[in-house]
Structures are given as structure tokens and as C-alpha cells.
file final_38.cif (mmCIF, C-alpha atoms)
data_query
loop_
_atom_site.group_PDB
_atom_site.id
_atom_site.type_symbol
_atom_site.label_atom_id
_atom_site.label_comp_id
_atom_site.auth_asym_id
_atom_site.auth_seq_id
_atom_site.Cartn_x
_atom_site.Cartn_y
_atom_site.Cartn_z
ATOM 1 C CA CYS A 13 17.963 -9.064 13.229
ATOM 2 C CA GLU A 14 19.742 -8.607 9.880
ATOM 3 C CA THR A 15 17.994 -9.899 6.784
ATOM 4 C CA ALA A 16 19.472 -11.000 3.480
ATOM 5 C CA ILE A 17 18.533 -7.716 1.789
ATOM 6 C CA GLY A 18 20.451 -5.458 4.162
ATOM 7 C CA TYR A 19 17.701 -4.328 6.526
ATOM 8 C CA ILE A 20 18.674 -4.014 10.183
ATOM 9 C CA SER A 21 16.376 -3.428 13.133
ATOM 10 C CA TYR A 22 17.453 -0.395 15.161
ATOM 11 C CA VAL A 23 16.389 -2.188 18.327
ATOM 12 C CA CYS A 24 18.774 -5.129 18.019
ATOM 13 C CA GLY A 25 21.161 -4.575 15.135
ATOM 14 C CA ARG A 26 24.034 -2.347 16.306
ATOM 15 C CA SER A 27 26.730 -4.980 15.703
ATOM 16 C CA ALA A 28 25.355 -5.735 12.203
ATOM 17 C CA PHE A 29 25.313 -1.996 11.508
ATOM 18 C CA LYS A 30 28.974 -1.638 12.510
ATOM 19 C CA GLU A 31 29.836 -4.536 10.211
ATOM 20 C CA CYS A 32 28.149 -2.761 7.286
ATOM 21 C CA VAL A 33 30.013 0.467 8.059
ATOM 22 C CA HIS A 34 33.354 -1.321 8.148
ATOM 23 C CA GLN A 35 32.556 -2.977 4.812
ATOM 24 C CA ASN A 36 31.445 0.369 3.333
ATOM 25 C CA ARG A 37 27.997 -1.044 2.510
ATOM 26 C CA PRO A 38 24.753 0.943 2.589
ATOM 27 C CA VAL A 39 22.078 -0.373 4.924
ATOM 28 C CA MET A 40 18.417 0.302 5.685
ATOM 29 C CA ILE A 41 17.659 0.620 9.400
ATOM 30 C CA THR A 42 14.093 0.088 10.571
ATOM 31 C CA GLY A 43 12.336 1.252 13.732
ATOM 32 C CA MET A 44 14.732 4.087 14.601
ATOM 33 C CA MET A 45 12.206 6.936 14.934
ATOM 34 C CA GLN A 46 10.022 4.934 17.296
ATOM 35 C CA ALA A 47 12.888 3.458 19.339
ATOM 36 C CA ASP A 48 14.505 6.864 19.863
ATOM 37 C CA GLY A 49 11.146 8.407 20.767
ATOM 38 C CA TRP A 50 11.129 11.070 18.068
ATOM 39 C CA PRO A 51 8.018 13.293 18.046
ATOM 40 C CA ALA A 52 8.345 13.070 14.225
ATOM 41 C CA ALA A 53 7.257 9.422 14.466
ATOM 42 C CA SER A 54 3.700 10.656 15.046
ATOM 43 C CA LYS A 55 3.748 14.284 13.845
ATOM 44 C CA TRP A 56 5.239 13.384 10.452
ATOM 45 C CA ALA A 57 3.511 9.995 10.082
ATOM 46 C CA SER A 58 1.282 11.188 7.226
ATOM 47 C CA ALA A 59 0.665 14.288 5.151
ATOM 48 C CA ASP A 60 -2.400 14.974 7.316
ATOM 49 C CA THR A 61 -0.528 14.808 10.636
ATOM 50 C CA LEU A 62 2.329 16.897 9.231
ATOM 51 C CA VAL A 63 -0.091 19.582 8.029
ATOM 52 C CA THR A 64 -1.970 19.497 11.338
ATOM 53 C CA ALA A 65 1.280 20.130 13.222
ATOM 54 C CA TYR A 66 3.055 22.472 10.784
ATOM 55 C CA GLY A 67 0.719 23.496 7.976
ATOM 56 C CA ASP A 68 1.285 27.205 8.566
ATOM 57 C CA LEU A 69 5.096 27.072 8.366
ATOM 58 C CA GLU A 70 6.406 29.002 5.353
ATOM 59 C CA PHE A 71 9.051 27.582 3.005
ATOM 60 C CA GLN A 72 11.035 29.148 0.170
ATOM 61 C CA LEU A 73 10.008 26.975 -2.778
ATOM 62 C CA THR A 74 12.027 28.939 -5.351
ATOM 63 C CA PRO A 75 14.056 32.148 -5.051
ATOM 64 C CA THR A 76 10.870 34.112 -5.829
ATOM 65 C CA LEU A 77 8.120 31.846 -4.429
ATOM 66 C CA THR A 78 7.209 31.170 -0.798
ATOM 67 C CA THR A 79 4.483 28.747 0.242
ATOM 68 C CA SER A 80 3.023 27.235 3.379
ATOM 69 C CA LEU A 81 3.422 23.537 4.028
ATOM 70 C CA ARG A 82 -0.364 23.230 3.822
ATOM 71 C CA ALA A 83 -0.461 24.787 0.324
ATOM 72 C CA TYR A 84 2.461 22.643 -0.810
ATOM 73 C CA VAL A 85 0.750 19.417 0.286
ATOM 74 C CA GLU A 86 -2.402 20.505 -1.582
ATOM 75 C CA TYR A 87 -0.214 21.102 -4.663
ATOM 76 C CA THR A 88 1.259 17.588 -4.450
ATOM 77 C CA VAL A 89 -2.198 16.001 -4.500
ATOM 78 C CA SER A 90 -3.235 17.560 -7.811
ATOM 79 C CA ASN A 91 0.161 17.972 -9.457
ATOM 80 C CA GLN A 92 0.844 16.115 -12.728
ATOM 81 C CA ALA A 93 4.158 17.764 -13.735
ATOM 82 C CA ASP A 94 7.120 15.637 -14.814
ATOM 83 C CA PHE A 95 9.484 17.672 -12.642
ATOM 84 C CA PRO A 96 7.365 19.001 -9.753
ATOM 85 C CA TYR A 97 8.572 21.293 -7.013
ATOM 86 C CA TYR A 98 10.394 19.658 -4.103
ATOM 87 C CA LEU A 99 9.968 21.424 -0.766
ATOM 88 C CA SER A 100 13.122 21.590 1.323
ATOM 89 C CA THR A 101 14.946 23.580 3.929
ATOM 90 C CA ARG A 102 18.419 23.168 5.333
ATOM 91 C CA GLY A 103 20.868 24.556 7.811
ATOM 92 C CA GLU A 104 19.397 26.699 10.550
ATOM 93 C CA PHE A 105 15.772 26.071 9.478
ATOM 94 C CA LYS A 106 14.971 29.795 9.736
ATOM 95 C CA GLY A 107 11.217 30.050 10.105
ATOM 96 C CA GLN A 108 10.895 26.267 10.468
ATOM 97 C CA GLU A 109 12.723 25.843 13.795
ATOM 98 C CA PRO A 110 9.897 23.772 15.378
ATOM 99 C CA LEU A 111 10.782 20.919 13.001
ATOM 100 C CA LEU A 112 14.171 20.614 14.706
ATOM 101 C CA ASP A 113 12.448 19.655 17.980
ATOM 102 C CA ASP A 114 10.942 16.562 16.342
ATOM 103 C CA PHE A 115 14.148 14.606 15.700
ATOM 104 C CA ARG A 116 17.704 14.212 16.910
ATOM 105 C CA ILE A 117 20.842 12.535 15.711
ATOM 106 C CA PRO A 118 20.318 8.789 16.249
ATOM 107 C CA LEU A 119 22.524 7.166 18.874
ATOM 108 C CA TRP A 120 24.330 5.148 16.199
ATOM 109 C CA PHE A 121 25.415 8.370 14.473
ATOM 110 C CA GLU A 122 26.279 10.572 17.444
ATOM 111 C CA ASP A 123 29.987 10.575 16.594
ATOM 112 C CA ASP A 124 29.933 12.965 13.667
ATOM 113 C CA VAL A 125 32.878 14.659 11.964
ATOM 114 C CA TYR A 126 30.634 17.686 11.395
ATOM 115 C CA ASP A 127 30.754 18.274 15.143
ATOM 116 C CA TRP A 128 34.434 19.177 14.697
ATOM 117 C CA LEU A 129 33.708 21.721 11.977
ATOM 118 C CA ASN A 130 31.830 24.982 12.089
ATOM 119 C CA MET A 131 29.096 23.931 9.653
ATOM 120 C CA ASN A 132 26.234 25.751 11.441
ATOM 121 C CA GLY A 133 23.914 22.812 10.783
ATOM 122 C CA SER A 134 24.188 23.213 6.997
ATOM 123 C CA PHE A 135 24.117 19.423 6.654
ATOM 124 C CA LYS A 136 20.620 19.124 8.173
ATOM 125 C CA TYR A 137 17.739 18.953 5.712
ATOM 126 C CA PHE A 138 13.979 18.653 5.789
ATOM 127 C CA VAL A 139 12.608 17.511 2.435
ATOM 128 C CA CYS A 140 8.992 16.968 1.445
ATOM 129 C CA GLY A 141 7.777 15.840 -1.944
ATOM 130 C CA GLY A 142 4.948 14.263 -3.833
ATOM 131 C CA ALA A 143 4.918 11.857 -6.757
ATOM 132 C CA ARG A 144 7.827 12.244 -9.221
ATOM 133 C CA THR A 145 9.834 14.595 -6.989
ATOM 134 C CA GLY A 146 13.443 13.842 -6.258
ATOM 135 C CA SER A 147 16.975 14.709 -7.061
ATOM 136 C CA THR A 148 18.771 14.059 -10.292
ATOM 137 C CA ILE A 149 21.657 11.588 -10.551
ATOM 138 C CA HIS A 150 24.453 13.118 -8.517
ATOM 139 C CA VAL A 151 27.458 12.478 -6.339
ATOM 140 C CA ASP A 152 27.293 13.744 -2.777
ATOM 141 C CA PRO A 153 29.257 17.005 -3.081
ATOM 142 C CA LEU A 154 30.874 16.551 0.333
ATOM 143 C CA ALA A 155 31.532 12.805 -0.171
ATOM 144 C CA THR A 156 29.873 12.086 3.146
ATOM 145 C CA CYS A 157 28.354 9.085 4.763
ATOM 146 C CA ALA A 158 24.802 10.177 5.441
ATOM 147 C CA TRP A 159 21.764 9.028 7.320
ATOM 148 C CA ASN A 160 18.319 9.797 5.968
ATOM 149 C CA THR A 161 14.955 9.122 7.555
ATOM 150 C CA LEU A 162 11.723 8.530 5.682
ATOM 151 C CA ALA A 163 8.833 9.486 7.966
ATOM 152 C CA CYS A 164 5.955 8.644 5.625
ATOM 153 C CA GLY A 165 5.302 7.614 2.062
ATOM 154 C CA HIS A 166 7.973 5.891 0.029
ATOM 155 C CA LYS A 167 11.157 6.845 -1.749
ATOM 156 C CA ARG A 168 13.213 4.941 -4.284
ATOM 157 C CA TRP A 169 16.939 5.121 -3.697
ATOM 158 C CA VAL A 170 19.434 3.926 -6.250
ATOM 159 C CA LEU A 171 23.004 3.699 -5.005
ATOM 160 C CA PHE A 172 25.880 3.042 -7.364
ATOM 161 C CA PRO A 173 29.375 1.826 -6.542
ATOM 162 C CA PRO A 174 32.128 4.380 -7.148
ATOM 163 C CA GLY A 175 33.025 5.032 -10.759
ATOM 164 C CA GLU A 176 33.743 8.004 -12.985
ATOM 165 C CA SER A 177 34.621 6.681 -16.446
ATOM 166 C CA ASP A 178 32.359 7.421 -19.396
ATOM 167 C CA ALA A 179 31.916 3.668 -19.964
ATOM 168 C CA TYR A 180 30.776 3.220 -16.369
ATOM 169 C CA LYS A 181 28.339 6.127 -16.583
ATOM 170 C CA GLU A 182 26.933 4.706 -19.812
ATOM 171 C CA ALA A 183 26.527 1.283 -18.183
ATOM 172 C CA ILE A 184 24.380 2.737 -15.378
ATOM 173 C CA GLY A 185 22.463 5.089 -17.655
ATOM 174 C CA ALA A 186 23.936 8.244 -16.144
ATOM 175 C CA PHE A 187 23.829 10.207 -19.377
ATOM 176 C CA LYS A 188 23.918 13.988 -19.360
ATOM 177 C CA ASP A 189 20.210 13.940 -20.301
ATOM 178 C CA TYR A 190 19.418 12.363 -16.944
ATOM 179 C CA GLU A 191 21.747 14.568 -14.925
ATOM 180 C CA ASP A 192 19.833 17.676 -16.000
ATOM 181 C CA GLY A 193 16.317 16.399 -16.663
ATOM 182 C CA PRO A 194 13.448 15.329 -14.438
ATOM 183 C CA PRO A 195 14.454 12.527 -12.042
ATOM 184 C CA ALA A 196 11.322 10.551 -12.991
ATOM 185 C CA TYR A 197 12.631 10.099 -16.553
ATOM 186 C CA TRP A 198 15.633 8.049 -15.426
ATOM 187 C CA PHE A 199 13.356 5.783 -13.382
ATOM 188 C CA LEU A 200 10.988 5.375 -16.356
ATOM 189 C CA ASP A 201 13.575 5.024 -19.141
ATOM 190 C CA VAL A 202 16.589 3.313 -17.569
ATOM 191 C CA LEU A 203 15.792 1.553 -14.294
ATOM 192 C CA PRO A 204 12.872 -0.728 -15.252
#
call {"tool": "encode", "arguments": {"input": "final_38.cif", "output": "C-alpha cells"}}
result
Amino acid sequence: CETAIGYISYVCGRSAFKECVHQNRPVMITGMMQADGWPAASKWASADTLVTAYGDLEFQLTPTLTTSLRAYVEYTVSNQADFPYYLSTRGEFKGQEPLLDDFRIPLWFEDDVYDWLNMNGSFKYFVCGGARTGSTIHVDPLATCAWNTLACGHKRWVLFPPGESDAYKEAIGAFKDYEDGPPAYWFLDVLP
């Protein structure tokens, strides 16, 4: 089930997945939400189904601004900003607890070091964004191995091998300008 570009089917690729983990290689896994029977596979399948299920949930968009999921999705449709708001929640999902019922830790990731620590779910995130949203170039602050699920739409991931020297950062275009500026600029100026 493994292809040349590092995609593995969740249904038949467990041994290929383990091989990637042992080689410290990132991998894209397809079909997981459906195979594990997540309600998110249908409830989060599009902006419309997400809003139908959870449009009235409130999210803290900034320290001083709260919005409903419905209003945020409307904002993403008309937004033209270079660095638009990115809706997210993490940890205990206070006020958004119903989202937690729609997914679970995939079987392949059930053995989790966070289970040994008292992290109170702080490593769980729900993120929703429109065009040009995203994070800036960064290193995972906890140096974790993570799994992420894309329920609808598309997201561009760029993963770099380890490296900290100034020469290395210059080679990948990780200039200070791109660490602090809109994520879309790096994709427009450096990646093409």
C-alpha cells in the first residue's frame, strides 16, 4: 500500500508506517478517519457540514475577540488579508467539548508519552482556517512526533531536516522576515 511519495493507506500499511517511524521519516496516512469510524469524517467533511454541526460554538479568536464558528467561516469566504485570523482551540476545549467526541487517538498512535505526563490534554488542538492562514516557520517547541488530521480543504506542509546554523537557515529561506511575517509570504517568495 505504500507509494513512492510516502503515502500509506491506514487500512493496510501498519508495517510500512513502523518502517517510516524507525527511519525518522514523515509520512502521510490516508483513510484513517473513515477506517476508525470518526464522526468527524462526515461532520467536518466541509465548511457547510462543520457549521451545520457546530456553527454556534464560540471560540476565542484573539485575547479580546470571541466569535462563533459560523461567523468565522463567513469571514474566511470574504477575507483578503495577507495574515488572516486562524481559529484554534487547545487543551480542554472549554466551550467546544462536543468536538472531542468526533475523533480519538488513532490505533497506530495509542502508545503516547503524553499519557505518562500530566498534560491535561494541552497537546490536543482544533484548528480551522481559510486561504493564507497558517503558522510561521517554527520548530515544534516540545520536539514531539505529532499526528495531524486534515478533515477538509487542503494544507501545504513543508518539513525541513534538522539544522540550526545561519547558513542552513539561509539555504531554506528561514530568514527572520519569514519567522515573524505572514506565512503566505514565505510560500510566495521562497518556495515556488
call {"tool": "closest_residue", "arguments": {"input": "final_38.cif", "among": "A:Val151, A:Tyr19, A:Thr64, A:Ser100", "to": "Pro173 of chain A", "atoms": "only C-alpha atoms"}}
result
A:Val151
call {"tool": "resolve_selection", "arguments": {"input": "final_38.cif", "expression": "the PyMOL selection byres ((chain A and resi 139) around 7)", "output": "PyMOL selection string"}}
result
chain A and resi 99-101+137-138+140-141
call {"tool": "resolve_selection", "arguments": {"input": "final_38.cif", "expression": "the PyMOL selection byres ((chain A and resi 60) around 12)", "output": "PDB file with C-alpha atoms, in the coordinates of the input"}}
result
ATOM      1  CA  SER A  54       3.700  10.656  15.046  1.00  0.00           C
ATOM      2  CA  LYS A  55       3.748  14.284  13.845  1.00  0.00           C
ATOM      3  CA  TRP A  56       5.239  13.384  10.452  1.00  0.00           C
ATOM      4  CA  ALA A  57       3.511   9.995  10.082  1.00  0.00           C
ATOM      5  CA  SER A  58       1.282  11.188   7.226  1.00  0.00           C
ATOM      6  CA  ALA A  59       0.665  14.288   5.151  1.00  0.00           C
ATOM      7  CA  THR A  61      -0.528  14.808  10.636  1.00  0.00           C
ATOM      8  CA  LEU A  62       2.329  16.897   9.231  1.00  0.00           C
ATOM      9  CA  VAL A  63      -0.091  19.582   8.029  1.00  0.00           C
ATOM     10  CA  THR A  64      -1.970  19.497  11.338  1.00  0.00           C
ATOM     11  CA  ALA A  65       1.280  20.130  13.222  1.00  0.00           C
ATOM     12  CA  TYR A  66       3.055  22.472  10.784  1.00  0.00           C
ATOM     13  CA  GLY A  67       0.719  23.496   7.976  1.00  0.00           C
ATOM     14  CA  LEU A  81       3.422  23.537   4.028  1.00  0.00           C
ATOM     15  CA  ARG A  82      -0.364  23.230   3.822  1.00  0.00           C
ATOM     16  CA  VAL A  85       0.750  19.417   0.286  1.00  0.00           C
ATOM     17  CA  GLU A  86      -2.402  20.505  -1.582  1.00  0.00           C
ATOM     18  CA  VAL A  89      -2.198  16.001  -4.500  1.00  0.00           C
ATOM     19  CA  CYS A 164       5.955   8.644   5.625  1.00  0.00           C
ATOM     20  CA  GLY A 165       5.302   7.614   2.062  1.00  0.00           C
TER      21      GLY A 165
END
call {"tool": "atom_distance", "arguments": {"input": "final_38.cif", "atom1": "atom CA of Met45 of chain A", "atom2": "atom CA of Gly103 of chain A"}}
result
20.9 Å
call {"tool": "resolve_selection", "arguments": {"input": "final_38.cif", "expression": "the PyMOL selection byres ((chain A and resi 43) around 8)", "output": "JSON, numbers by chain"}}
result
{"A": [21, 22, 23, 41, 42, 44, 45, 46, 47]}
call {"tool": "write_last_selection", "arguments": {"input": "final_38.cif", "atoms": "C-alpha atoms", "output": "CSV table (one decimal), in the coordinates of the input"}}
result
chain,number,residue,atom,x,y,z
A,21,SER,CA,16.4,-3.4,13.1
A,22,TYR,CA,17.5,-0.4,15.2
A,23,VAL,CA,16.4,-2.2,18.3
A,41,ILE,CA,17.7,0.6,9.4
A,42,THR,CA,14.1,0.1,10.6
A,44,MET,CA,14.7,4.1,14.6
A,45,MET,CA,12.2,6.9,14.9
A,46,GLN,CA,10.0,4.9,17.3
A,47,ALA,CA,12.9,3.5,19.3
call {"tool": "decode", "arguments": {"input": "final_38.cif", "residues": "segment 58-121 of chain A", "atoms": "C-alpha atoms", "output": "CSV table (one decimal), in the first residue's frame"}}
result
chain,number,residue,atom,x,y,z
A,58,SER,CA,-16.8,20.5,4.5
A,59,ALA,CA,-17.3,24.0,5.9
A,60,ASP,CA,-21.0,23.6,5.5
A,61,THR,CA,-21.2,20.3,7.4
A,62,LEU,CA,-19.0,21.7,10.2
A,63,VAL,CA,-21.1,24.8,10.5
A,64,THR,CA,-24.3,22.7,10.5
A,65,ALA,CA,-22.9,20.6,13.4
A,66,TYR,CA,-21.1,23.3,15.4
A,67,GLY,CA,-21.8,26.7,14.0
A,68,ASP,CA,-22.9,28.1,17.3
A,69,LEU,CA,-19.8,27.1,19.2
A,70,GLU,CA,-17.8,30.1,20.4
A,71,PHE,CA,-14.0,30.5,20.0
A,72,GLN,CA,-11.5,33.0,21.4
A,73,LEU,CA,-10.1,34.4,18.2
A,74,THR,CA,-7.8,36.9,20.0
A,75,PRO,CA,-7.5,37.8,23.7
A,76,THR,CA,-10.2,40.4,23.2
A,77,LEU,CA,-12.4,38.9,20.4
A,78,THR,CA,-14.7,35.9,20.5
A,79,THR,CA,-16.6,34.6,17.5
A,80,SER,CA,-18.9,31.7,16.6
A,81,LEU,CA,-17.6,29.1,14.2
A,82,ARG,CA,-20.4,30.2,11.8
A,83,ALA,CA,-19.2,33.8,11.8
A,84,TYR,CA,-15.6,32.7,11.4
A,85,VAL,CA,-16.4,30.6,8.3
A,86,GLU,CA,-18.3,33.6,6.8
A,87,TYR,CA,-15.2,35.7,7.5
A,88,THR,CA,-12.9,33.2,5.6
A,89,VAL,CA,-15.1,33.4,2.5
A,90,SER,CA,-14.7,37.2,2.1
A,91,ASN,CA,-11.3,37.7,3.7
A,92,GLN,CA,-8.5,39.1,1.6
A,93,ALA,CA,-5.9,39.8,4.3
A,94,ASP,CA,-2.3,38.6,3.9
A,95,PHE,CA,-2.2,37.3,7.5
A,96,PRO,CA,-5.9,36.4,8.3
A,97,TYR,CA,-7.1,35.1,11.6
A,98,TYR,CA,-6.6,31.4,12.3
A,99,LEU,CA,-9.3,29.9,14.6
A,100,SER,CA,-8.0,27.4,17.1
A,101,THR,CA,-8.5,25.9,20.5
A,102,ARG,CA,-6.4,23.5,22.5
A,103,GLY,CA,-6.2,21.6,25.7
A,104,GLU,CA,-9.5,21.0,27.5
A,105,PHE,CA,-11.6,22.6,24.7
A,106,LYS,CA,-13.6,24.6,27.2
A,107,GLY,CA,-16.9,25.6,25.4
A,108,GLN,CA,-16.0,23.3,22.5
A,109,GLU,CA,-16.2,19.9,24.2
A,110,PRO,CA,-18.5,18.4,21.6
A,111,LEU,CA,-15.6,18.5,19.1
A,112,LEU,CA,-13.7,16.0,21.3
A,113,ASP,CA,-16.5,13.4,20.7
A,114,ASP,CA,-15.8,13.4,16.9
A,115,PHE,CA,-12.3,12.0,17.0
A,116,ARG,CA,-10.0,9.8,19.0
A,117,ILE,CA,-6.3,8.9,19.0
A,118,PRO,CA,-5.7,6.6,16.0
A,119,LEU,CA,-4.8,3.0,16.8
A,120,TRP,CA,-1.3,3.5,15.4
A,121,PHE,CA,-0.7,6.3,17.9
